[in-house]
Amino acid sequence: MTKETKRLLRVLNGESVWPPPVWLMRQAGRFLPEFRALREKADFLTRCMTPDIATEITLQPIRRFGMDGAILFSDILVLPWAMGQSLEFIEGRGPVLGPIRSAADLARLDPARIPERTAPVLETLGRLRAQLDGPDAIGVAAPGSVTQIGFAGSPFTVSCYMVEGHGSREFASVRRMSYEEPALYDRLIALLTETTTEFLSAQIKAGAEAVMLFDSWAGLLPPSEFRRHVIAPTRQITKELKNRHPDIRVIGFPRLAGVMAPEYARETGVDVMALDTGADFAKIAAEVPNDLVLQGNLDPLAVLAGGDAMRREVLAIREAGRGRPHVFNLGHGVLPETPPEHVGDLIRTLRETGL
Ligand code: 1CP
């Protein structure tokens with residue numbers, strides 16, 4: 001018997017728990033009316049940087065649905081912003097940054113500013129942990145039952161936004177930079193590898209019990225580039241975090257990695273691989289070591305649709321993970337138009353073991 005009482009942490013530590021614990025990517029946010037109400041009060045970055053607001057938004061889905069994990073309300077672009085890159089979130093358009101295109105642009109970034117500018121994020125994590133584990137958790141969940149998750153973007157995915165300056169389907173300018181100016185691009189990836197390690201280490205010290213690296217655009221790269229810009233930096237970050245914090249659990253999300261997923265699982269040292277919507281759960285489970293924890297991978301559109309189709313998919317994925325350590329989640333973030341009742345139904349269905 002393990003002493004650990006948090007169901008999610010038990011699974012992250014390699015135990016198989018039935019029914020599997022659950023949290024959802026992008027659970028803190030856009031689909032909840034109580035989140036949209038707060039949106040009127042402050043812009044996105046202000047919400048991330050105000051501990052009162054960020055704590056409240058993180059806890060909203062836990063209060064409503066009782067997920068097993070609380071993911072910090074923040075964004076992957078907070079790190080480049082903290083180094084001095086300009087960043088704005090424009091309604092209906094998404095993030096807009098002053099793009100990094102040259103050595104001079106890169107030289108203007110100042111990693112020394114990160115600790116001061118991210119202090120509110122760390123403060124939020126500390127408050128969350130105190131609330132989740134303290135007697136005040138009443139009204140949220142049973143004290144000491146919810147796992148606090150910190151996160152960052154992976155170097156490659158963050159570099160996509162830093163170089164392109166906004167969202168894109170292809171991020172062609174980034175992929176060209178890697179071929180045309182490899183020394184410059186390698187410096188950017190090295191800077192992000194180092195600062196991401198420091199930022200996640202600070203999040204762990206502040207209260208995060210597990211950390212997730214979001215590599216949303218990993219699947220854009222051919223294998224040679226995937227090894228250089230996805231696997232190598234992820235391995236370096238994971239190794240250093242584990243040197244400093246031997247018990248920390250690292251979740252990697254190489255979205256759309258396809259055939260590269262098993263190599264990512266073997267080579268990066270992550271404890272958990274989050275599977276995207278298109279990944280064949282049962283097939284990947286058969287290809288990776290039994291002690292690798294898998295997370296995922298319900299289609300966010302099934303949750304938007306709800307009803308029997310969603311419930312069927314929930315049970316199929318739950319079944320595919322039976323007997324191994326599995327964290328139930330989506331294959332990508334909750335869509336903003338998702339009716340909150342569907343998320344409630346998802347969690348009830350997952351926890352119904354009489355079926
Ligand atoms: O109020 C708003 O409209 C802002 C929308 C929003 C929200 C709620 C953005 C802007 N970021 C977030 C929060 C966020 N982002 C979280 C919070 C915790 C959670 O509930 O999960 C997390 C983990 C992220 C991570 C993130 N940001 C990723 C990786 C995961 C993914 O979805 O692929 C990426 C790629 C971003 C960039 C980003 N930030 C925001 C938007 C709209 C985008 C996507 C831009 C694009 O590519 O078009």
# chains A, B, ... in the order shown; residues from 1 in each chain; ligands from 1
call {"tool": "residues_around", "arguments": {"residues": "segment 102-110 of chain A", "least_positions_apart": "2", "cutoff": "12 Å", "atoms": "only C-alpha atoms", "output": "MDAnalysis selection string"}}
result
chainID A and resid 79:86 98:100 112:117 159 162:163 173:174 177 180:192 195
call {"tool": "residues_near_ligand", "arguments": {"ligand": "ligand 1", "cutoff": "8 Å", "atoms": "only C-alpha atoms and all ligand atoms", "output": "PDB file with N, CA, C and O atoms, in the first residue's frame"}}
result
ATOM      1  N   LEU A  24      -8.812  17.788 -17.500  1.00  0.00           N
ATOM      2  CA  LEU A  24      -8.956  18.092 -18.922  1.00  0.00           C
ATOM      3  C   LEU A  24      -8.083  19.274 -19.328  1.00  0.00           C
ATOM      4  O   LEU A  24      -8.071  20.298 -18.635  1.00  0.00           O
ATOM      5  N   MET A  25      -7.376  19.122 -20.429  1.00  0.00           N
ATOM      6  CA  MET A  25      -6.609  20.254 -20.938  1.00  0.00           C
ATOM      7  C   MET A  25      -7.572  21.406 -21.231  1.00  0.00           C
ATOM      8  O   MET A  25      -8.647  21.177 -21.770  1.00  0.00           O
ATOM      9  N   ARG A  26      -7.156  22.594 -20.857  1.00  0.00           N
ATOM     10  CA  ARG A  26      -7.968  23.808 -20.979  1.00  0.00           C
ATOM     11  C   ARG A  26      -9.251  23.753 -20.158  1.00  0.00           C
ATOM     12  O   ARG A  26     -10.248  24.370 -20.522  1.00  0.00           O
ATOM     13  N   GLN A  27      -9.186  23.024 -19.033  1.00  0.00           N
ATOM     14  CA  GLN A  27     -10.367  22.979 -18.170  1.00  0.00           C
ATOM     15  C   GLN A  27     -10.590  24.322 -17.481  1.00  0.00           C
ATOM     16  O   GLN A  27     -11.727  24.654 -17.130  1.00  0.00           O
ATOM     17  N   ALA A  28      -9.489  25.051 -17.266  1.00  0.00           N
ATOM     18  CA  ALA A  28      -9.594  26.353 -16.611  1.00  0.00           C
ATOM     19  C   ALA A  28      -9.830  27.382 -17.698  1.00  0.00           C
ATOM     20  O   ALA A  28      -8.893  27.827 -18.322  1.00  0.00           O
ATOM     21  N   GLY A  29     -11.060  27.679 -17.936  1.00  0.00           N
ATOM     22  CA  GLY A  29     -11.217  28.706 -18.957  1.00  0.00           C
ATOM     23  C   GLY A  29     -12.504  28.730 -19.731  1.00  0.00           C
ATOM     24  O   GLY A  29     -13.584  28.503 -19.198  1.00  0.00           O
ATOM     25  N   ARG A  30     -12.254  28.936 -20.999  1.00  0.00           N
ATOM     26  CA  ARG A  30     -13.204  29.513 -21.935  1.00  0.00           C
ATOM     27  C   ARG A  30     -14.600  28.926 -21.948  1.00  0.00           C
ATOM     28  O   ARG A  30     -15.536  29.604 -22.321  1.00  0.00           O
ATOM     29  N   ARG A  36     -16.042  33.329 -18.075  1.00  0.00           N
ATOM     30  CA  ARG A  36     -16.342  34.440 -18.990  1.00  0.00           C
ATOM     31  C   ARG A  36     -16.759  35.675 -18.205  1.00  0.00           C
ATOM     32  O   ARG A  36     -16.499  36.799 -18.605  1.00  0.00           O
ATOM     33  N   ARG A  39     -13.758  37.498 -17.272  1.00  0.00           N
ATOM     34  CA  ARG A  39     -13.098  38.044 -18.436  1.00  0.00           C
ATOM     35  C   ARG A  39     -13.400  39.533 -18.632  1.00  0.00           C
ATOM     36  O   ARG A  39     -12.585  40.282 -19.134  1.00  0.00           O
ATOM     37  N   ASP A  43      -7.896  41.983 -18.761  1.00  0.00           N
ATOM     38  CA  ASP A  43      -7.444  41.289 -19.972  1.00  0.00           C
ATOM     39  C   ASP A  43      -6.713  39.998 -19.590  1.00  0.00           C
ATOM     40  O   ASP A  43      -6.421  39.752 -18.415  1.00  0.00           O
ATOM     41  N   PHE A  44      -6.417  39.169 -20.599  1.00  0.00           N
ATOM     42  CA  PHE A  44      -5.922  37.825 -20.343  1.00  0.00           C
ATOM     43  C   PHE A  44      -4.632  37.808 -19.514  1.00  0.00           C
ATOM     44  O   PHE A  44      -4.517  37.102 -18.518  1.00  0.00           O
ATOM     45  N   THR A  58      -8.417  28.809 -11.727  1.00  0.00           N
ATOM     46  CA  THR A  58      -7.898  27.430 -11.640  1.00  0.00           C
ATOM     47  C   THR A  58      -8.876  26.532 -10.879  1.00  0.00           C
ATOM     48  O   THR A  58      -9.067  25.362 -11.237  1.00  0.00           O
ATOM     49  N   ILE A  71      -4.980  22.312 -13.113  1.00  0.00           N
ATOM     50  CA  ILE A  71      -3.890  22.906 -13.888  1.00  0.00           C
ATOM     51  C   ILE A  71      -3.923  24.412 -13.690  1.00  0.00           C
ATOM     52  O   ILE A  71      -4.964  25.055 -13.808  1.00  0.00           O
ATOM     53  N   LEU A  72      -2.733  24.907 -13.368  1.00  0.00           N
ATOM     54  CA  LEU A  72      -2.551  26.338 -13.167  1.00  0.00           C
ATOM     55  C   LEU A  72      -3.148  27.138 -14.332  1.00  0.00           C
ATOM     56  O   LEU A  72      -2.932  26.802 -15.497  1.00  0.00           O
ATOM     57  N   PHE A  73      -3.860  28.194 -14.037  1.00  0.00           N
ATOM     58  CA  PHE A  73      -4.313  29.094 -15.093  1.00  0.00           C
ATOM     59  C   PHE A  73      -3.167  30.053 -15.445  1.00  0.00           C
ATOM     60  O   PHE A  73      -2.761  30.884 -14.635  1.00  0.00           O
ATOM     61  N   SER A  74      -2.658  29.893 -16.649  1.00  0.00           N
ATOM     62  CA  SER A  74      -1.556  30.721 -17.138  1.00  0.00           C
ATOM     63  C   SER A  74      -1.480  30.469 -18.635  1.00  0.00           C
ATOM     64  O   SER A  74      -2.457  30.030 -19.233  1.00  0.00           O
ATOM     65  N   ASP A  75      -0.355  30.733 -19.264  1.00  0.00           N
ATOM     66  CA  ASP A  75      -0.223  30.427 -20.693  1.00  0.00           C
ATOM     67  C   ASP A  75       1.234  30.125 -21.011  1.00  0.00           C
ATOM     68  O   ASP A  75       2.137  30.600 -20.327  1.00  0.00           O
ATOM     69  N   ILE A  76       1.438  29.377 -22.084  1.00  0.00           N
ATOM     70  CA  ILE A  76       2.802  29.031 -22.471  1.00  0.00           C
ATOM     71  C   ILE A  76       3.595  30.274 -22.913  1.00  0.00           C
ATOM     72  O   ILE A  76       4.819  30.245 -22.905  1.00  0.00           O
ATOM     73  N   LEU A  77       2.905  31.349 -23.275  1.00  0.00           N
ATOM     74  CA  LEU A  77       3.608  32.532 -23.789  1.00  0.00           C
ATOM     75  C   LEU A  77       4.025  33.510 -22.685  1.00  0.00           C
ATOM     76  O   LEU A  77       4.644  34.534 -22.963  1.00  0.00           O
ATOM     77  N   PHE A  89      -2.877  39.551 -26.238  1.00  0.00           N
ATOM     78  CA  PHE A  89      -3.891  38.567 -26.637  1.00  0.00           C
ATOM     79  C   PHE A  89      -5.062  39.347 -27.210  1.00  0.00           C
ATOM     80  O   PHE A  89      -5.703  40.120 -26.502  1.00  0.00           O
ATOM     81  N   GLU A  91      -8.704  39.551 -28.803  1.00  0.00           N
ATOM     82  CA  GLU A  91      -9.990  38.844 -28.874  1.00  0.00           C
ATOM     83  C   GLU A  91     -10.279  38.384 -30.299  1.00  0.00           C
ATOM     84  O   GLU A  91     -10.201  39.191 -31.235  1.00  0.00           O
ATOM     85  N   GLY A  92     -10.545  37.120 -30.463  1.00  0.00           N
ATOM     86  CA  GLY A  92     -10.898  36.612 -31.788  1.00  0.00           C
ATOM     87  C   GLY A  92      -9.694  36.316 -32.674  1.00  0.00           C
ATOM     88  O   GLY A  92      -9.830  35.720 -33.736  1.00  0.00           O
ATOM     89  N   ARG A  93      -8.497  36.748 -32.272  1.00  0.00           N
ATOM     90  CA  ARG A  93      -7.319  36.515 -33.099  1.00  0.00           C
ATOM     91  C   ARG A  93      -6.243  35.696 -32.390  1.00  0.00           C
ATOM     92  O   ARG A  93      -5.450  35.016 -33.032  1.00  0.00           O
ATOM     93  N   GLY A  94      -6.225  35.775 -31.087  1.00  0.00           N
ATOM     94  CA  GLY A  94      -5.213  35.031 -30.341  1.00  0.00           C
ATOM     95  C   GLY A  94      -3.991  35.881 -30.048  1.00  0.00           C
ATOM     96  O   GLY A  94      -4.038  37.103 -30.156  1.00  0.00           O
ATOM     97  N   PRO A  95      -2.888  35.235 -29.673  1.00  0.00           N
ATOM     98  CA  PRO A  95      -1.705  35.978 -29.239  1.00  0.00           C
ATOM     99  C   PRO A  95      -0.970  36.649 -30.401  1.00  0.00           C
ATOM    100  O   PRO A  95      -0.881  36.089 -31.487  1.00  0.00           O
ATOM    101  N   PHE A 151       2.937  23.988 -15.556  1.00  0.00           N
ATOM    102  CA  PHE A 151       3.239  23.679 -16.959  1.00  0.00           C
ATOM    103  C   PHE A 151       4.073  24.773 -17.617  1.00  0.00           C
ATOM    104  O   PHE A 151       4.222  25.876 -17.108  1.00  0.00           O
ATOM    105  N   ALA A 152       4.575  24.400 -18.782  1.00  0.00           N
ATOM    106  CA  ALA A 152       5.225  25.350 -19.686  1.00  0.00           C
ATOM    107  C   ALA A 152       5.041  24.806 -21.092  1.00  0.00           C
ATOM    108  O   ALA A 152       4.693  23.632 -21.277  1.00  0.00           O
ATOM    109  N   GLY A 153       5.276  25.656 -22.077  1.00  0.00           N
ATOM    110  CA  GLY A 153       5.338  25.158 -23.441  1.00  0.00           C
ATOM    111  C   GLY A 153       6.693  24.522 -23.639  1.00  0.00           C
ATOM    112  O   GLY A 153       7.654  24.803 -22.912  1.00  0.00           O
ATOM    113  N   THR A 157       7.592  24.479 -29.420  1.00  0.00           N
ATOM    114  CA  THR A 157       6.282  25.121 -29.597  1.00  0.00           C
ATOM    115  C   THR A 157       6.324  26.595 -29.199  1.00  0.00           C
ATOM    116  O   THR A 157       5.744  27.446 -29.875  1.00  0.00           O
ATOM    117  N   VAL A 158       7.036  26.922 -28.142  1.00  0.00           N
ATOM    118  CA  VAL A 158       7.136  28.342 -27.766  1.00  0.00           C
ATOM    119  C   VAL A 158       7.899  29.109 -28.848  1.00  0.00           C
ATOM    120  O   VAL A 158       7.518  30.229 -29.221  1.00  0.00           O
ATOM    121  N   TYR A 161       5.710  30.439 -31.770  1.00  0.00           N
ATOM    122  CA  TYR A 161       5.020  31.718 -31.577  1.00  0.00           C
ATOM    123  C   TYR A 161       6.010  32.880 -31.529  1.00  0.00           C
ATOM    124  O   TYR A 161       5.737  33.963 -32.014  1.00  0.00           O
ATOM    125  N   HIS A 166       2.668  35.006 -34.174  1.00  0.00           N
ATOM    126  CA  HIS A 166       1.232  34.742 -33.952  1.00  0.00           C
ATOM    127  C   HIS A 166       0.975  33.267 -34.238  1.00  0.00           C
ATOM    128  O   HIS A 166       1.875  32.544 -34.684  1.00  0.00           O
ATOM    129  N   GLY A 167      -0.268  32.832 -34.044  1.00  0.00           N
ATOM    130  CA  GLY A 167      -0.628  31.448 -34.352  1.00  0.00           C
ATOM    131  C   GLY A 167      -0.561  31.193 -35.848  1.00  0.00           C
ATOM    132  O   GLY A 167      -0.554  32.134 -36.651  1.00  0.00           O
ATOM    133  N   SER A 168      -0.485  29.923 -36.241  1.00  0.00           N
ATOM    134  CA  SER A 168      -0.375  29.583 -37.654  1.00  0.00           C
ATOM    135  C   SER A 168      -0.665  28.089 -37.777  1.00  0.00           C
ATOM    136  O   SER A 168      -0.588  27.353 -36.795  1.00  0.00           O
ATOM    137  N   ARG A 169      -1.004  27.636 -38.985  1.00  0.00           N
ATOM    138  CA  ARG A 169      -1.170  26.189 -39.162  1.00  0.00           C
ATOM    139  C   ARG A 169       0.159  25.525 -39.476  1.00  0.00           C
ATOM    140  O   ARG A 169       0.337  24.335 -39.283  1.00  0.00           O
ATOM    141  N   PHE A 214       3.878  21.276 -22.883  1.00  0.00           N
ATOM    142  CA  PHE A 214       2.975  21.261 -24.031  1.00  0.00           C
ATOM    143  C   PHE A 214       3.778  21.447 -25.312  1.00  0.00           C
ATOM    144  O   PHE A 214       4.345  22.517 -25.544  1.00  0.00           O
ATOM    145  N   ASP A 215       3.799  20.411 -26.160  1.00  0.00           N
ATOM    146  CA  ASP A 215       4.472  20.565 -27.457  1.00  0.00           C
ATOM    147  C   ASP A 215       3.427  20.444 -28.570  1.00  0.00           C
ATOM    148  O   ASP A 215       3.403  19.489 -29.349  1.00  0.00           O
ATOM    149  N   SER A 216       2.565  21.451 -28.618  1.00  0.00           N
ATOM    150  CA  SER A 216       1.378  21.400 -29.470  1.00  0.00           C
ATOM    151  C   SER A 216       1.703  21.281 -30.954  1.00  0.00           C
ATOM    152  O   SER A 216       0.900  20.785 -31.728  1.00  0.00           O
ATOM    153  N   TRP A 217       2.880  21.756 -31.358  1.00  0.00           N
ATOM    154  CA  TRP A 217       3.208  21.780 -32.784  1.00  0.00           C
ATOM    155  C   TRP A 217       4.320  20.809 -33.157  1.00  0.00           C
ATOM    156  O   TRP A 217       4.856  20.857 -34.276  1.00  0.00           O
ATOM    157  N   ARG A 255       2.187  16.690 -29.451  1.00  0.00           N
ATOM    158  CA  ARG A 255       0.951  16.595 -30.239  1.00  0.00           C
ATOM    159  C   ARG A 255       1.244  16.296 -31.704  1.00  0.00           C
ATOM    160  O   ARG A 255       2.162  16.876 -32.286  1.00  0.00           O
ATOM    161  N   HIS A 332      -6.897  17.060 -26.943  1.00  0.00           N
ATOM    162  CA  HIS A 332      -6.466  18.460 -27.031  1.00  0.00           C
ATOM    163  C   HIS A 332      -7.419  19.227 -26.113  1.00  0.00           C
ATOM    164  O   HIS A 332      -8.201  18.611 -25.396  1.00  0.00           O
ATOM    165  N   GLY A 333      -7.335  20.568 -26.119  1.00  0.00           N
ATOM    166  CA  GLY A 333      -8.099  21.331 -25.132  1.00  0.00           C
ATOM    167  C   GLY A 333      -9.617  21.295 -25.315  1.00  0.00           C
ATOM    168  O   GLY A 333     -10.110  21.109 -26.426  1.00  0.00           O
TER     169      GLY A 333
END
call {"tool": "residues_around", "arguments": {"residues": "Pro340 of chain A", "least_positions_apart": "4", "cutoff": "7 Å", "atoms": "only C-alpha atoms", "output": "short mmCIF file (atom, residue, chain, number, x, y, z; two decimals) with all heavy atoms, in the first residue's frame"}}
result
data_model
loop_
_atom_site.label_atom_id
_atom_site.label_comp_id
_atom_site.auth_asym_id
_atom_site.auth_seq_id
_atom_site.Cartn_x
_atom_site.Cartn_y
_atom_site.Cartn_z
N PHE A 31 -14.76 27.63 -21.60
CA PHE A 31 -16.10 27.05 -21.75
C PHE A 31 -16.99 27.30 -20.53
O PHE A 31 -18.17 27.00 -20.57
CB PHE A 31 -16.00 25.55 -22.07
CG PHE A 31 -15.74 24.69 -20.87
CD1 PHE A 31 -16.74 23.87 -20.37
CD2 PHE A 31 -14.51 24.69 -20.24
CE1 PHE A 31 -16.52 23.06 -19.26
CE2 PHE A 31 -14.27 23.90 -19.13
CZ PHE A 31 -15.28 23.08 -18.64
N LEU A 32 -16.44 27.86 -19.47
CA LEU A 32 -17.25 28.06 -18.26
C LEU A 32 -17.81 29.48 -18.16
O LEU A 32 -17.06 30.45 -18.28
CB LEU A 32 -16.40 27.79 -17.01
CG LEU A 32 -16.05 26.34 -16.71
CD1 LEU A 32 -15.18 26.26 -15.46
CD2 LEU A 32 -17.34 25.52 -16.54
N GLY A 344 -19.70 17.47 -17.17
CA GLY A 344 -20.22 16.78 -15.99
C GLY A 344 -20.58 15.34 -16.31
O GLY A 344 -20.24 14.40 -15.57
#
call {"tool": "closest_residue", "arguments": {"among": "A:Gly258, A:Val96, A:Arg322, A:Phe281", "to": "Gly165 of chain A", "atoms": "only C-alpha atoms"}}
result
A:Val96
call {"tool": "select_by_dssp", "arguments": {"residues": "segment 8-195 of chain A", "states": "helix (DSSP H, G or I)", "output": "NGL selection string"}}
result
:A and (8-12 or 33-39 or 44-48 or 51-65 or 78-82 or 103-108 or 111-117 or 119-133 or 135-137 or 155-164 or 172-180 or 182-195)
call {"tool": "atom_distance", "arguments": {"atom1": "atom CA of Arg63 of chain A", "atom2": "atom CA of Val140 of chain A"}}
result
4.6 Å
call {"tool": "residues_around", "arguments": {"residues": "Ile204 of chain A", "least_positions_apart": "6", "cutoff": "12 Å", "atoms": "only C-alpha atoms", "output": "NGL selection string"}}
result
:A and (72 or 121-123 or 125-126 or 129 or 148-152 or 197-198 or 210-212 or 241-242 or 244-250)
call {"tool": "write_last_selection", "arguments": {"atoms": "N, CA and C atoms", "output": "mmCIF file, in the first residue's frame"}}
result
data_model
loop_
_atom_site.group_PDB
_atom_site.id
_atom_site.type_symbol
_atom_site.label_atom_id
_atom_site.label_comp_id
_atom_site.auth_asym_id
_atom_site.auth_seq_id
_atom_site.Cartn_x
_atom_site.Cartn_y
_atom_site.Cartn_z
ATOM 1 N N LEU A 72 -2.733 24.907 -13.368
ATOM 2 C CA LEU A 72 -2.551 26.338 -13.167
ATOM 3 C C LEU A 72 -3.148 27.138 -14.332
ATOM 4 N N VAL A 121 2.918 34.242 -10.795
ATOM 5 C CA VAL A 121 2.532 32.871 -11.176
ATOM 6 C C VAL A 121 2.914 31.917 -10.035
ATOM 7 N N LEU A 122 4.091 32.151 -9.480
ATOM 8 C CA LEU A 122 4.562 31.288 -8.391
ATOM 9 C C LEU A 122 3.718 31.511 -7.137
ATOM 10 N N GLU A 123 3.368 32.764 -6.920
ATOM 11 C CA GLU A 123 2.485 33.100 -5.786
ATOM 12 C C GLU A 123 1.139 32.363 -5.944
ATOM 13 N N LEU A 125 0.592 29.546 -7.517
ATOM 14 C CA LEU A 125 0.784 28.119 -7.230
ATOM 15 C C LEU A 125 0.820 27.845 -5.725
ATOM 16 N N GLY A 126 1.479 28.719 -4.999
ATOM 17 C CA GLY A 126 1.571 28.555 -3.541
ATOM 18 C C GLY A 126 0.188 28.640 -2.901
ATOM 19 N N ARG A 129 -1.936 25.514 -3.752
ATOM 20 C CA ARG A 129 -1.537 24.319 -3.003
ATOM 21 C C ARG A 129 -2.059 24.404 -1.579
ATOM 22 N N GLN A 148 -1.857 19.310 -7.906
ATOM 23 C CA GLN A 148 -1.581 20.604 -8.528
ATOM 24 C C GLN A 148 -0.587 20.435 -9.685
ATOM 25 N N ILE A 149 -1.008 20.846 -10.874
ATOM 26 C CA ILE A 149 -0.164 20.677 -12.067
ATOM 27 C C ILE A 149 0.353 22.033 -12.551
ATOM 28 N N GLY A 150 1.672 22.139 -12.684
ATOM 29 C CA GLY A 150 2.272 23.320 -13.309
ATOM 30 C C GLY A 150 2.567 23.006 -14.767
ATOM 31 N N PHE A 151 2.937 23.988 -15.556
ATOM 32 C CA PHE A 151 3.239 23.679 -16.959
ATOM 33 C C PHE A 151 4.073 24.773 -17.617
ATOM 34 N N ALA A 152 4.575 24.400 -18.782
ATOM 35 C CA ALA A 152 5.225 25.350 -19.686
ATOM 36 C C ALA A 152 5.041 24.806 -21.092
ATOM 37 N N THR A 197 13.512 25.142 -18.007
ATOM 38 C CA THR A 197 13.947 24.333 -16.860
ATOM 39 C C THR A 197 13.854 25.148 -15.571
ATOM 40 N N GLU A 198 14.377 26.376 -15.626
ATOM 41 C CA GLU A 198 14.365 27.219 -14.421
ATOM 42 C C GLU A 198 12.938 27.551 -13.996
ATOM 43 N N ALA A 210 3.301 18.099 -10.204
ATOM 44 C CA ALA A 210 3.660 17.480 -11.490
ATOM 45 C C ALA A 210 3.748 18.636 -12.469
ATOM 46 N N VAL A 211 4.522 18.447 -13.536
ATOM 47 C CA VAL A 211 4.602 19.514 -14.540
ATOM 48 C C VAL A 211 4.381 18.917 -15.921
ATOM 49 N N MET A 212 3.740 19.724 -16.776
ATOM 50 C CA MET A 212 3.462 19.253 -18.131
ATOM 51 C C MET A 212 4.146 20.172 -19.127
ATOM 52 N N LEU A 241 15.320 18.595 -14.290
ATOM 53 C CA LEU A 241 14.257 18.699 -13.273
ATOM 54 C C LEU A 241 14.342 17.534 -12.302
ATOM 55 N N LYS A 242 14.619 16.354 -12.831
ATOM 56 C CA LYS A 242 14.686 15.184 -11.956
ATOM 57 C C LYS A 242 15.954 15.177 -11.093
ATOM 58 N N ARG A 244 17.154 17.885 -9.827
ATOM 59 C CA ARG A 244 16.878 18.832 -8.745
ATOM 60 C C ARG A 244 15.728 18.389 -7.857
ATOM 61 N N HIS A 245 14.758 17.703 -8.458
ATOM 62 C CA HIS A 245 13.532 17.322 -7.728
ATOM 63 C C HIS A 245 13.258 15.851 -8.051
ATOM 64 N N PRO A 246 13.954 14.934 -7.342
ATOM 65 C CA PRO A 246 13.907 13.521 -7.751
ATOM 66 C C PRO A 246 12.492 12.938 -7.837
ATOM 67 N N ASP A 247 11.536 13.460 -7.061
ATOM 68 C CA ASP A 247 10.203 12.851 -7.080
ATOM 69 C C ASP A 247 9.247 13.483 -8.086
ATOM 70 N N ILE A 248 9.704 14.499 -8.802
ATOM 71 C CA ILE A 248 8.751 15.197 -9.677
ATOM 72 C C ILE A 248 8.356 14.324 -10.865
ATOM 73 N N ARG A 249 7.101 14.437 -11.262
ATOM 74 C CA ARG A 249 6.594 13.700 -12.430
ATOM 75 C C ARG A 249 6.452 14.667 -13.594
ATOM 76 N N VAL A 250 6.952 14.247 -14.747
ATOM 77 C CA VAL A 250 6.925 15.104 -15.931
ATOM 78 C C VAL A 250 6.000 14.479 -16.981
#
call {"tool": "residues_around", "arguments": {"residues": "Ala257 of chain A", "least_positions_apart": "5", "cutoff": "12 Å", "atoms": "only C-alpha atoms", "output": "PyMOL selection string"}}
result
chain A and resi 215-223+225-227+230-231+252+262-265+273-280+284
call {"tool": "select_by_dssp", "arguments": {"residues": "segment 202-342 of chain A", "states": "strand (DSSP E or B)", "output": "number ranges by chain"}}
result
A: 210-215, 249-254, 272-274, 293-298, 326-330
call {"tool": "write_last_selection", "arguments": {"atoms": "N, CA and C atoms", "output": "short mmCIF file (atom, residue, chain, number, x, y, z; two decimals), in the first residue's frame"}}
result
data_model
loop_
_atom_site.label_atom_id
_atom_site.label_comp_id
_atom_site.auth_asym_id
_atom_site.auth_seq_id
_atom_site.Cartn_x
_atom_site.Cartn_y
_atom_site.Cartn_z
N ALA A 210 3.30 18.10 -10.20
CA ALA A 210 3.66 17.48 -11.49
C ALA A 210 3.75 18.64 -12.47
N VAL A 211 4.52 18.45 -13.54
CA VAL A 211 4.60 19.51 -14.54
C VAL A 211 4.38 18.92 -15.92
N MET A 212 3.74 19.72 -16.78
CA MET A 212 3.46 19.25 -18.13
C MET A 212 4.15 20.17 -19.13
N LEU A 213 4.74 19.55 -20.14
CA LEU A 213 5.36 20.30 -21.24
C LEU A 213 4.46 20.16 -22.46
N PHE A 214 3.88 21.28 -22.88
CA PHE A 214 2.97 21.26 -24.03
C PHE A 214 3.78 21.45 -25.31
N ASP A 215 3.80 20.41 -26.16
CA ASP A 215 4.47 20.56 -27.46
C ASP A 215 3.43 20.44 -28.57
N ARG A 249 7.10 14.44 -11.26
CA ARG A 249 6.59 13.70 -12.43
C ARG A 249 6.45 14.67 -13.59
N VAL A 250 6.95 14.25 -14.75
CA VAL A 250 6.93 15.10 -15.93
C VAL A 250 6.00 14.48 -16.98
N ILE A 251 5.05 15.29 -17.45
CA ILE A 251 4.11 14.85 -18.48
C ILE A 251 4.52 15.53 -19.79
N GLY A 252 4.73 14.76 -20.84
CA GLY A 252 5.06 15.34 -22.15
C GLY A 252 3.88 15.19 -23.09
N PHE A 253 3.67 16.19 -23.94
CA PHE A 253 2.55 16.16 -24.89
C PHE A 253 3.08 16.49 -26.29
N PRO A 254 3.60 15.46 -26.99
CA PRO A 254 4.12 15.71 -28.34
C PRO A 254 2.97 15.60 -29.35
N VAL A 272 5.17 10.46 -18.21
CA VAL A 272 3.82 10.35 -18.75
C VAL A 272 3.85 10.89 -20.17
N MET A 273 3.22 10.15 -21.11
CA MET A 273 3.05 10.71 -22.44
C MET A 273 1.56 10.98 -22.65
N ALA A 274 1.26 12.24 -22.97
CA ALA A 274 -0.12 12.61 -23.26
C ALA A 274 -0.36 12.36 -24.75
N VAL A 293 3.28 5.94 -18.09
CA VAL A 293 1.90 6.35 -17.86
C VAL A 293 1.39 7.00 -19.14
N LEU A 294 0.17 6.64 -19.54
CA LEU A 294 -0.42 7.29 -20.71
C LEU A 294 -1.55 8.21 -20.25
N GLN A 295 -1.65 9.35 -20.92
CA GLN A 295 -2.71 10.30 -20.61
C GLN A 295 -3.51 10.55 -21.88
N GLY A 296 -4.81 10.63 -21.76
CA GLY A 296 -5.62 10.99 -22.93
C GLY A 296 -6.85 10.14 -23.05
N ASN A 297 -7.39 10.13 -24.24
CA ASN A 297 -7.21 11.02 -25.37
C ASN A 297 -8.54 11.20 -26.10
N LEU A 298 -9.58 11.53 -25.31
CA LEU A 298 -10.92 11.71 -25.87
C LEU A 298 -10.95 12.93 -26.80
N HIS A 326 -3.10 5.03 -16.19
CA HIS A 326 -3.76 5.85 -17.21
C HIS A 326 -4.41 7.06 -16.54
N VAL A 327 -4.14 8.22 -17.08
CA VAL A 327 -4.80 9.45 -16.64
C VAL A 327 -5.78 9.83 -17.74
N PHE A 328 -7.05 9.85 -17.42
CA PHE A 328 -8.04 10.19 -18.45
C PHE A 328 -7.96 11.69 -18.73
N ASN A 329 -7.99 12.04 -20.03
CA ASN A 329 -7.93 13.44 -20.43
C ASN A 329 -8.46 13.51 -21.86
N LEU A 330 -8.44 14.70 -22.45
CA LEU A 330 -8.81 14.85 -23.85
C LEU A 330 -7.55 14.72 -24.70
#
